[in-house]
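Raw contents of protein25.cif, mmCIF, C-alpha atoms:
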```
data_start
#
loop_
_atom_site.label_atom_id
_atom_site.label_comp_id
_atom_site.auth_asym_id
_atom_site.auth_seq_id
_atom_site.Cartn_x
_atom_site.Cartn_y
_atom_site.Cartn_z
CA MET A 732 0.00 0.00 0.00
CA ARG A 733 1.36 3.41 -0.94
CA TYR A 734 0.84 6.56 1.15
CA PHE A 735 0.98 10.09 -0.16
CA PHE A 736 1.50 13.04 2.17
CA PRO A 737 1.08 16.72 1.31
CA LEU A 738 4.36 18.58 0.88
CA SER A 739 3.56 20.83 3.87
CA PHE A 740 3.27 17.75 6.12
CA LEU A 741 6.61 16.39 4.94
CA MET A 742 8.28 19.78 5.44
CA CYS A 743 6.87 19.93 8.97
CA ILE A 744 8.28 16.48 9.77
CA ALA A 745 11.67 17.47 8.33
CA GLY A 746 11.67 20.59 10.51
CA VAL A 747 10.93 18.57 13.64
CA ILE A 748 13.68 16.07 12.85
CA SER A 749 16.25 18.76 12.13
CA SER A 750 15.41 20.73 15.28
CA SER A 751 15.95 17.68 17.49
CA SER A 752 19.56 17.15 16.47
CA CYS A 753 22.42 17.50 18.93
CA SER A 754 24.10 20.25 16.97
CA SER A 755 24.00 23.77 18.24
CA PRO A 756 21.67 25.88 16.15
CA THR A 757 22.95 29.00 14.49
CA GLY A 758 22.49 32.22 16.37
CA THR A 759 23.99 33.66 19.51
CA PRO A 760 27.07 31.66 20.50
CA ALA A 761 26.60 29.69 23.70
CA THR A 762 29.42 31.57 25.36
CA GLU A 763 27.54 34.86 25.16
CA SER A 764 24.87 35.67 27.68
CA SER A 765 21.29 36.21 26.66
CA PRO A 766 19.90 39.27 28.42
CA VAL A 767 16.46 38.97 29.91
CA PRO A 768 14.16 40.16 27.10
CA ALA A 769 11.54 42.85 27.59
CA ALA A 770 8.04 41.69 28.48
CA SER A 771 5.48 41.49 25.73
CA ALA A 772 1.78 42.01 26.11
CA THR A 773 1.03 38.37 25.30
CA SER A 774 3.60 36.39 27.27
CA PRO A 775 5.31 36.72 30.64
CA MET A 776 9.01 37.44 30.86
CA PRO A 777 11.34 34.42 31.05
CA ASN A 778 12.41 35.31 34.60
CA GLN A 779 8.73 35.25 35.69
CA LEU A 780 8.15 31.95 33.88
CA PHE A 781 11.18 30.39 35.54
CA ALA A 782 10.32 31.63 39.05
CA THR A 783 6.72 30.44 38.66
CA TYR A 784 7.88 27.02 37.40
CA LEU A 785 10.21 26.57 40.39
CA HIS A 786 7.50 27.59 42.85
CA ASP A 787 4.65 25.59 41.31
CA THR A 788 6.65 22.41 40.68
CA PHE A 789 9.02 22.27 43.65
CA SER A 790 7.71 24.92 46.11
CA HIS A 791 11.14 26.50 45.61
CA THR A 792 11.74 30.23 45.77
CA ILE A 793 14.77 31.92 44.24
CA PRO A 794 16.90 33.24 47.13
CA SER A 795 16.04 36.87 47.82
CA SER A 796 19.62 37.93 48.49
CA GLY A 797 22.90 37.19 46.78
CA GLU A 798 23.55 35.22 43.61
CA HIS A 799 22.34 31.75 42.73
CA TRP A 800 22.87 29.64 39.60
CA TYR A 801 20.40 27.17 38.13
CA VAL A 802 21.58 24.62 35.57
CA VAL A 803 18.51 23.80 33.44
CA ILE A 804 18.58 20.45 31.63
CA PRO A 805 15.20 19.39 30.21
CA ALA A 806 14.51 16.04 28.57
CA VAL A 807 13.82 17.58 25.15
CA GLY A 808 16.62 17.89 22.63
CA CYS A 809 19.71 15.73 22.60
CA LEU A 810 19.28 13.10 25.32
CA GLY A 811 22.86 11.86 25.02
CA CYS A 812 24.07 15.43 25.50
CA ALA A 813 21.80 15.92 28.54
CA HIS A 814 23.07 12.69 30.13
CA ALA A 815 26.69 13.76 29.54
CA GLU A 816 25.95 17.13 31.19
CA LEU A 817 24.39 15.45 34.23
CA ARG A 818 27.34 13.05 34.52
CA TYR A 819 29.75 16.01 34.34
CA LEU A 820 27.83 17.74 37.14
CA ALA A 821 27.92 14.55 39.22
CA GLY A 822 31.72 14.56 39.13
CA THR A 823 32.31 17.84 40.99
CA ALA A 824 31.22 19.17 44.36
CA TRP A 825 29.40 22.43 43.58
CA ALA A 826 28.75 25.31 45.96
CA PRO A 827 25.34 25.47 47.69
CA THR A 828 24.50 28.38 45.37
CA VAL A 829 24.27 25.98 42.41
CA THR A 830 21.08 24.03 41.73
CA VAL A 831 20.42 21.59 38.89
CA VAL A 832 16.87 21.67 37.52
CA THR A 833 15.99 18.67 35.39
CA SER A 834 13.11 16.43 34.47
CA GLY A 835 12.81 12.66 34.25
CA LEU A 836 16.35 12.27 32.90
CA LEU A 837 17.57 10.98 36.25
CA ARG A 838 15.81 7.68 35.62
CA ASP A 839 18.26 7.06 32.77
CA LEU A 840 21.36 7.38 34.99
CA SER A 841 22.74 4.50 37.02
CA LYS A 842 22.01 4.43 40.76
CA ALA A 843 25.66 5.34 41.45
CA GLU A 844 25.43 8.35 39.09
CA GLN A 845 22.15 9.46 40.69
CA THR A 846 23.70 9.21 44.16
CA SER A 847 26.81 11.12 43.10
CA LEU A 848 24.75 13.87 41.50
CA ALA A 849 22.54 14.24 44.60
CA ARG A 850 25.65 14.34 46.82
CA HIS A 851 27.49 16.96 44.75
CA VAL A 852 24.78 19.47 43.89
CA GLN A 853 21.40 20.74 45.00
CA LEU A 854 18.91 18.97 42.79
CA LEU A 855 15.36 19.83 41.72
CA ALA A 856 14.24 16.90 39.61
CA ASP A 857 10.72 16.39 38.38
CA THR A 858 10.93 12.62 38.11
CA PHE A 859 7.27 11.81 38.67
CA ARG A 860 5.78 13.31 35.53
CA VAL A 861 6.76 11.59 32.32
CA ALA A 862 4.38 12.79 29.60
CA ASP A 863 3.38 16.10 31.19
CA ASN A 864 6.68 17.63 32.18
CA THR A 865 6.47 21.41 32.49
CA LEU A 866 10.24 21.97 32.27
CA ASP A 867 10.24 20.50 28.79
CA ARG A 868 7.57 22.97 27.68
CA ILE A 869 8.42 26.32 29.28
CA SER A 870 9.87 28.85 26.92
CA LEU A 871 13.22 29.96 28.28
CA PRO A 872 15.61 31.94 26.05
CA PHE A 873 17.99 29.04 25.40
CA HIS A 874 18.49 28.39 21.69
CA SER A 875 20.10 25.09 22.67
CA LEU A 876 17.26 24.08 25.10
CA THR A 877 19.77 23.75 27.98
CA GLY A 878 21.32 26.58 29.87
CA LEU A 879 22.35 28.39 32.99
CA VAL A 880 20.11 30.88 34.77
CA ARG A 881 21.98 33.32 37.00
CA THR A 882 19.87 35.06 39.62
CA ARG A 883 20.60 37.97 41.89
CA ASP A 884 18.44 39.12 44.78
CA GLY A 885 15.48 36.93 43.79
CA GLN A 886 15.44 37.82 40.08
CA ALA A 887 16.84 36.06 37.00
CA VAL A 888 19.43 38.42 35.54
CA GLU A 889 21.09 36.24 32.90
CA PHE A 890 20.20 33.27 30.71
CA LEU A 891 23.32 31.58 29.34
CA PRO A 892 22.69 28.74 26.87
CA PHE A 893 25.09 25.84 26.43
CA ASP A 894 25.23 22.81 24.18
CA LYS A 895 27.24 19.62 23.75
CA ASP A 896 30.30 21.57 22.65
CA THR A 897 30.24 24.30 25.32
CA TYR A 898 28.71 22.81 28.47
CA GLN A 899 32.06 21.97 30.11
CA HIS A 900 33.32 25.51 29.56
CA VAL A 901 30.11 27.13 30.84
CA LEU A 902 29.68 24.82 33.84
CA ALA A 903 33.34 25.27 34.82
CA THR A 904 32.50 28.92 35.61
CA LEU A 905 30.13 27.87 38.41
CA PRO A 906 31.30 28.18 42.01
CA LYS A 907 32.65 24.98 43.55
CA ARG A 908 32.25 23.78 47.11
CA ARG A 909 35.12 24.71 49.36
CA PRO A 910 36.98 21.75 50.89
#
```
Encoded form (structure tokens):
Amino acid sequence: MRYFFPLSFLMCIAGVISSSSCSSPTGTPATESSPVPAASATSPMPNQLFATYLHDTFSHTIPSSGEHWYVVIPAVGCLGCAHAELRYLAGTAWAPTVTVVTSGLLRDLSKAEQTSLARHVQLLADTFRVADNTLDRISLPFHSLTGLVRTRDGQAVEFLPFDKDTYQHVLATLPKRRP
């Protein structure tokens, strides 16, 4: 049996396949910061979206004083890249001002990797929702889907995307735990 699909359908499928690759899309290099964009009349600002997501999903509030860094690794995009990023984070003891925010990806790591990650970094992991994961659907200004959110005094002040080629460089800038 032969199936014929309209050209628009095939182009849509090709777009979905190409956007899910592990390559970094063209645009702002991952080493440059993405400033918080101005609010539009139709959608909330990314810093509001992020703060609301943390509160609604984890009952977590961004610290009201000082700086804090959130490493955001959703399950959409390159799964192999996301697993490599989580394993990298599990190998270093990070300062208490660093929190990893991820979705159900932890289920894919070994028990030893999960334990190491939980021991080395504050972790907010939405592991209970598989099909309806909010982190995978919120619109943060990361062209690479993963990134670093730097906050100061309770507000997101910088969104820094990273990808499979830049994550080690970007994550190495995070504060480490003092011995």
Counting only C-alpha atoms, the residue of A:Arg881, A:Pro892, A:Ala813, A:Tyr819 that sits nearest Val852 of chain A: A:Tyr819
Close residues, His814 of chain A itself excluded, 12 Å, only C-alpha atoms, min 2 positions apart in chain, as a PyMOL selection string: chain A and resi 804-812+816-821+833-841+844-845+848+877+894-895+898
Result set of the PyMOL selection byres ((chain A and resi 906) around 10) on the coordinates above, as a VMD selection string: chain A and resid 799 to 800 824 to 829 902 to 905 907 to 909
Output of the PyMOL selection byres ((chain A and resi 793) around 6), listed as a PyMOL selection string: chain A and resi 792+794+885
Exercise: Ser870 of chain A partners within 12 Å, all atoms listed in the file, chain neighbours under 5 positions left out, as a list of chain:residue names: A:Ser774, A:Pro775, A:Met776, A:Pro777, A:Asn778, A:Gln779, A:Leu780, A:Phe781, A:Tyr784, A:Val803, A:Pro805, A:Thr865, A:Ser875, A:Leu876, A:Thr877, A:Phe890
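Counting from atom CA of Leu855 of chain A, the distance to atom CA of Gly878 of chain A is 14.9 Å.
For the residues A:Ser795, A:Ile869, A:Val880, A:Glu889, ranking by smallest atom-to-atom distance to Val831 of chain A using all atoms listed in the file places A:Val880 first.
With distances taken over all atoms listed in the file, A:Thr823 is the one residue among A:Thr823, A:Pro872, A:Phe893, A:Gln853 lying closest to Pro910 of chain A.
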Between atom CA of Asp884 of chain A and atom CA of Gly797 of chain A, distance in Å (one decimal): 5.3 Å
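Minimum atom-to-atom distances from A:Val901, A:Thr882, A:Leu891, A:Leu871 to Ser796 of chain A were compared using only C-alpha atoms, and the lowest value belongs to A:Thr882.
The two atoms in question, atom CA of Thr788 of chain A and atom CA of Thr858 of chain A, are spaced 11.0 Å apart.
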Reconstruct segment 862-894 of chain A at the level of N, CA and C atoms, and format the result as an mmCIF file, in the coordinates of the input.
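Listed below is the output, rebuild_16.cif:
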```cif
data_model
loop_
_atom_site.group_PDB
_atom_site.id
_atom_site.type_symbol
_atom_site.label_atom_id
_atom_site.label_comp_id
_atom_site.auth_asym_id
_atom_site.auth_seq_id
_atom_site.Cartn_x
_atom_site.Cartn_y
_atom_site.Cartn_z
ATOM 1 N N ALA A 862 4.953 12.214 30.821
ATOM 2 C CA ALA A 862 4.380 12.790 29.600
ATOM 3 C C ALA A 862 4.056 14.273 29.759
ATOM 4 N N ASP A 863 3.827 14.726 30.972
ATOM 5 C CA ASP A 863 3.380 16.100 31.190
ATOM 6 C C ASP A 863 4.415 16.883 31.973
ATOM 7 N N ASN A 864 5.617 16.947 31.463
ATOM 8 C CA ASN A 864 6.680 17.630 32.180
ATOM 9 C C ASN A 864 6.720 19.101 31.789
ATOM 10 N N THR A 865 6.522 19.971 32.754
ATOM 11 C CA THR A 865 6.470 21.410 32.490
ATOM 12 C C THR A 865 7.821 21.952 32.059
ATOM 13 N N LEU A 866 8.913 21.461 32.629
ATOM 14 C CA LEU A 866 10.240 21.970 32.270
ATOM 15 C C LEU A 866 10.502 21.819 30.782
ATOM 16 N N ASP A 867 10.026 20.750 30.209
ATOM 17 C CA ASP A 867 10.240 20.500 28.790
ATOM 18 C C ASP A 867 9.409 21.414 27.893
ATOM 19 N N ARG A 868 8.460 22.138 28.486
ATOM 20 C CA ARG A 868 7.570 22.970 27.680
ATOM 21 C C ARG A 868 7.675 24.464 27.965
ATOM 22 N N ILE A 869 8.349 24.872 29.038
ATOM 23 C CA ILE A 869 8.420 26.320 29.280
ATOM 24 C C ILE A 869 9.395 26.953 28.295
ATOM 25 N N SER A 870 9.102 28.159 27.959
ATOM 26 C CA SER A 870 9.870 28.850 26.920
ATOM 27 C C SER A 870 10.924 29.746 27.550
ATOM 28 N N LEU A 871 12.097 29.186 27.770
ATOM 29 C CA LEU A 871 13.220 29.960 28.280
ATOM 30 C C LEU A 871 14.104 30.355 27.105
ATOM 31 N N PRO A 872 14.837 31.453 27.208
ATOM 32 C CA PRO A 872 15.610 31.940 26.050
ATOM 33 C C PRO A 872 16.922 31.192 25.815
ATOM 34 N N PHE A 873 16.824 29.873 25.704
ATOM 35 C CA PHE A 873 17.990 29.040 25.400
ATOM 36 C C PHE A 873 17.816 28.485 23.995
ATOM 37 N N HIS A 874 18.600 28.939 23.044
ATOM 38 C CA HIS A 874 18.490 28.390 21.690
ATOM 39 C C HIS A 874 18.887 26.925 21.647
ATOM 40 N N SER A 875 19.636 26.472 22.650
ATOM 41 C CA SER A 875 20.100 25.090 22.670
ATOM 42 C C SER A 875 19.269 24.214 23.614
ATOM 43 N N LEU A 876 18.173 24.747 24.178
ATOM 44 C CA LEU A 876 17.260 24.080 25.100
ATOM 45 C C LEU A 876 17.832 23.933 26.508
ATOM 46 N N THR A 877 19.151 23.838 26.663
ATOM 47 C CA THR A 877 19.770 23.750 27.980
ATOM 48 C C THR A 877 20.477 25.066 28.276
ATOM 49 N N GLY A 878 20.625 25.343 29.558
ATOM 50 C CA GLY A 878 21.320 26.580 29.870
ATOM 51 C C GLY A 878 21.467 26.830 31.353
ATOM 52 N N LEU A 879 22.060 27.958 31.639
ATOM 53 C CA LEU A 879 22.350 28.390 32.990
ATOM 54 C C LEU A 879 21.550 29.661 33.256
ATOM 55 N N VAL A 880 20.836 29.684 34.369
ATOM 56 C CA VAL A 880 20.110 30.880 34.770
ATOM 57 C C VAL A 880 20.829 31.439 36.000
ATOM 58 N N ARG A 881 21.324 32.657 35.870
ATOM 59 C CA ARG A 881 21.980 33.320 37.000
ATOM 60 C C ARG A 881 20.972 34.278 37.614
ATOM 61 N N THR A 882 20.801 34.179 38.927
ATOM 62 C CA THR A 882 19.870 35.060 39.620
ATOM 63 C C THR A 882 20.624 35.933 40.611
ATOM 64 N N ARG A 883 20.050 37.075 40.880
ATOM 65 C CA ARG A 883 20.600 37.970 41.890
ATOM 66 C C ARG A 883 19.428 38.605 42.629
ATOM 67 N N ASP A 884 19.462 38.508 43.926
ATOM 68 C CA ASP A 884 18.440 39.120 44.780
ATOM 69 C C ASP A 884 17.019 38.748 44.355
ATOM 70 N N GLY A 885 16.803 37.457 44.080
ATOM 71 C CA GLY A 885 15.480 36.930 43.790
ATOM 72 C C GLY A 885 15.012 37.061 42.355
ATOM 73 N N GLN A 886 15.838 37.615 41.467
ATOM 74 C CA GLN A 886 15.440 37.820 40.080
ATOM 75 C C GLN A 886 16.449 37.172 39.120
ATOM 76 N N ALA A 887 15.956 36.575 38.055
ATOM 77 C CA ALA A 887 16.840 36.060 37.000
ATOM 78 C C ALA A 887 17.440 37.262 36.278
ATOM 79 N N VAL A 888 18.761 37.300 36.183
ATOM 80 C CA VAL A 888 19.430 38.420 35.540
ATOM 81 C C VAL A 888 20.174 38.009 34.271
ATOM 82 N N GLU A 889 20.362 36.692 34.079
ATOM 83 C CA GLU A 889 21.090 36.240 32.900
ATOM 84 C C GLU A 889 20.655 34.829 32.545
ATOM 85 N N PHE A 890 20.475 34.594 31.245
ATOM 86 C CA PHE A 890 20.200 33.270 30.710
ATOM 87 C C PHE A 890 21.345 32.941 29.766
ATOM 88 N N LEU A 891 22.130 31.928 30.110
ATOM 89 C CA LEU A 891 23.320 31.580 29.340
ATOM 90 C C LEU A 891 23.143 30.177 28.760
ATOM 91 N N PRO A 892 22.879 30.068 27.463
ATOM 92 C CA PRO A 892 22.690 28.740 26.870
ATOM 93 C C PRO A 892 24.013 27.994 26.736
ATOM 94 N N PHE A 893 23.927 26.667 26.754
ATOM 95 C CA PHE A 893 25.090 25.840 26.430
ATOM 96 C C PHE A 893 24.620 24.636 25.650
ATOM 97 N N ASP A 894 25.558 23.992 24.973
ATOM 98 C CA ASP A 894 25.230 22.810 24.180
ATOM 99 C C ASP A 894 26.318 21.767 24.394
#
```
